[in-house]
Amino acid sequence: MNALIPILISTITAATPLIYASLGELVVERSGVLNLGVEGMMVVGALAGFAVGATSGSLALGYLAAIGAAVLLALLFAFLTITLQTNQVATGLALTLFGIGLSAFAGRHFTGLSIHGLRPVFGFDVLVYGSIALYAGVAWFLQRTRAGLQLRAIGESPAVAHSLGQPVTRVRYLAVLFGGATSGMAGAYLSTALTPMWVEGMSAGRGWIALALVIFATWKPLRVLIGAYLFGLVSVLQLYAQGFGVSVPSEFLSMLPYVATIVVLVLICRDPKTIRLNQPASLGKSFHASA
Amino acid sequence: MFEWPLRLQRRAAPSRVMRLAAPVIAAGAMLVTGAIVFAFLGNSPLAALYSYFVAPLASSYGIGELLLKASPLMLCALGLAVGFRSNVWNIGAEGQFTIGSITGGAVALFLGPRLGVFAVPLTLLAGVLGGMLWAAIPALLRTRFHTSEILVSLMLVYISQLLLSWLVRGPWRDPGGFNFPQSEVFADNLSVPTLFEGARATIAFPIALVIAALTWLFQAKTFAGYRMLVAGFAPAAAAYAGFSEKRTIWTALLLGGGTAGLAGICEVIGPIGRLQPTISPGYGFAAIIVAFVGRLHPVGIVLASLLMSLLYLGGESVQLELQLPAAITGLFQGTLLFYLLAADLFVGFELRRARRAPAAEVAASPVEST
């Protein structure tokens, strides 16, 4: 029993960045936009949060900087895909490649610095509670508010929503910016709480796992939460496995989250109806009002 | 409400001129941005641009390095472009590259000395097959279970890198290598010819050119290639014509995996000469940019791979000469792709001066409410 509590705690902290990033991406995708740049926004958020947090001594400022930097990237993505109608897949990939390049370039002076991470309150840091609150907020927004209904309608059929006078462009912009903000927080959580330091490329594919989680969750907030904790468990089990005398090379244990992502995708997508019924109908398609 | 002085109007037909001009415009905009970044970092922009884009090409050694780095980029991008043109988004070339270097490296390490003159061709073949095998996983999962090839191929990148890391630290580590995580050096019969005296570039470059020509033949002259183009432009028409979607997915991924695997093993038996934990400085990801900048066309990809190779060389050059971080390469790569995507707007749209438009058109203006 005593061994289980640390596992539980580290599962929850490992899941927290995934919750932030996936819930944001879920809102973006519900509006019909597919942003594959989560990894890029996350790693830039990780750097901005760490750099500002470490130099100013204030974590709060760090989080603001992380959100600001990632929102700027999201704005670039929104401008390109929504206003200039570029291909969402290509632009998202560009955002990720750009974010990784930018953070490696701008972060060179910050490797090796240390930072005072978040202090826990009742066992967890405040951002863990924040992630639960974010879940509640997103679920409430999507399912219980008029604006949430509007956003879902736009994601299903922007043409119909537009003809009813709904501001398709504005709602999609706001959704993408929200996704940027949560990805920035997710990144900052990595560099200030989970492992309080800056390492080039430290998001290590978590942005992509967050994208997979949205599919796993079939675009439903509660399932994002469950999925994130499952992934958190998988990624911490590798740390504890050796403690329990499992003698598997560490590289194979490190593969687990990536293998799990593939397995989970197969399980969810196996029946094409699951995706067809749940995926926002306009996901990934540009919308041009005169078309 | 604020009226834009210019507005976008959809062209009757996509502009061919803009399609070809967009990469040039993007490269130009990237240079201007680069000059601004260099100035911001306290360097003379012109001197920095010179040492980034011109100085690396001043010697024959430099030209050799350009061809050396262009080869894997070209190989990976050629295979990826076939997929992108038919809406198959293999973004895991980096992983297929890594597995190609592992399977080819295995043949080179364990069978190489006994294969005589067949060592190099068989090693290359093993690399190609390894890359195809790795790409077959997303192909199988997509055709059988409808999983996104984007996410699966990307997850496999991380898995392949961990696998390579385990091999060179564990079972394949050179026993006489002072515990360095690397394999033994390959036998002498595995050295591949270099292009010219003093260059490190190998026959991988002419091989890549031949593959570019073959890709062009496949896309422009064969029915299989035509089917894949239709699948990309008009999936519904392809389905109606009875073109198999599964075959498109398999062909695209196997081609992409095969060329990426070939690129991987060419790196390993060429300039590197052994297996080590890191083989590619992100060639598989940069190749995505190469494919787009090259307009998914083999000729364009040949040119774009030279440009991207120059971006790598320039990064190394400014690191040596101006003590700027080599990571600036990644910044340039991302910026280039962004500019290209933005410039592509003008392939389908044109700027017109806004007239007092009729009410119906005002509502249809694409730039309102942003």
# chains A, B, ... in the order shown; residues from 1 in each chain; ligands from 1
call {"tool": "residues_around", "arguments": {"residues": "segment 197-209 of chain A", "least_positions_apart": "2", "cutoff": "7 Å", "atoms": "only C-alpha atoms", "output": "PyMOL selection string"}}
result
(chain A and resi 18+21+38-39+42-43+47+50+100+104+110-111+113-115+187+191-192+195+211-213+261) or (chain B and resi 151)
call {"tool": "residues_around", "arguments": {"residues": "segment 65-78 of chain A", "least_positions_apart": "3", "cutoff": "8 Å", "atoms": "only C-alpha atoms", "output": "VMD selection string"}}
result
chain A and resid 35 41 to 42 44 to 49 52 61 to 62 81 to 83 91 to 92 95 172 to 173 176 to 185 187 to 188
call {"tool": "closest_residue", "arguments": {"among": "B:Ala199, B:Val185, B:Leu41, B:Leu20", "to": "chain A", "atoms": "only C-alpha atoms"}}
result
B:Leu41
call {"tool": "atom_distance", "arguments": {"atom1": "atom CA of Gly112 of chain A", "atom2": "atom CA of Ala186 of chain A"}}
result
20.8 Å
call {"tool": "closest_atom_pairs", "arguments": {"of": "chain A", "to": "chain B", "cutoff": "8 Å", "atoms": "only C-alpha atoms", "output": "CSV"}}
result
residue,atom,partner,partner_atom,distance
A:Leu80,CA,B:Ala342,CA,6.4
A:Thr83,CA,B:Val367,CA,6.5
A:Leu84,CA,B:Leu345,CA,6.0
A:Gln85,CA,B:Leu345,CA,7.1
A:Thr86,CA,B:Leu341,CA,6.1
A:Asn87,CA,B:Leu341,CA,7.9
A:Thr91,CA,B:Leu341,CA,7.1
A:Ala94,CA,B:Gly334,CA,5.8
A:Leu95,CA,B:Gly334,CA,7.2
A:Leu97,CA,B:Gly334,CA,5.6
A:Phe98,CA,B:Gly334,CA,4.0
A:Gly99,CA,B:Gly334,CA,7.8
A:Ile100,CA,B:Gly330,CA,7.3
A:Gly101,CA,B:Gly330,CA,4.0
A:Leu102,CA,B:Leu331,CA,5.2
A:Ala104,CA,B:Ala327,CA,5.8
A:Phe105,CA,B:Ala327,CA,4.9
A:Arg108,CA,B:Pro325,CA,7.7
A:Pro167,CA,B:Ser369,CA,7.6
A:Thr169,CA,B:Thr370,CA,6.5
A:Arg170,CA,B:Thr370,CA,6.2
A:Tyr173,CA,B:Thr370,CA,7.9
A:Gly205,CA,B:Met155,CA,7.7
A:Trp208,CA,B:Leu151,CA,6.9
A:Ala212,CA,B:Leu151,CA,6.9
A:Pro249,CA,B:Trp166,CA,7.5
A:Glu251,CA,B:Leu162,CA,5.4
A:Phe252,CA,B:Leu162,CA,7.3
A:Ser254,CA,B:Leu162,CA,7.6
A:Met255,CA,B:Ile159,CA,5.5
A:Tyr258,CA,B:Met155,CA,5.3
A:Val259,CA,B:Met155,CA,7.4
A:Thr261,CA,B:Met155,CA,7.5
A:Ile262,CA,B:Val152,CA,5.9
A:Leu265,CA,B:Thr147,CA,6.0
A:Val266,CA,B:Thr147,CA,5.9
A:Cys269,CA,B:Thr147,CA,5.6
A:Arg270,CA,B:Phe145,CA,4.3
A:Asp271,CA,B:Phe145,CA,7.2
A:Pro272,CA,B:His146,CA,6.7
A:His288,CA,B:Pro366,CA,6.3
A:Ala289,CA,B:Ala364,CA,5.3
A:Ser290,CA,B:Ala364,CA,4.7
call {"tool": "select_by_dssp", "arguments": {"residues": "segment 178-252 of chain A", "states": "alpha helix (DSSP H)", "output": "PyMOL selection string"}}
result
chain A and resi 178-189+206-216+221-241+250-252
call {"tool": "closest_residue", "arguments": {"among": "A:Val121, A:Val264, A:Leu237, A:Val33", "to": "Ala3 of chain A", "atoms": "only C-alpha atoms"}}
result
A:Leu237
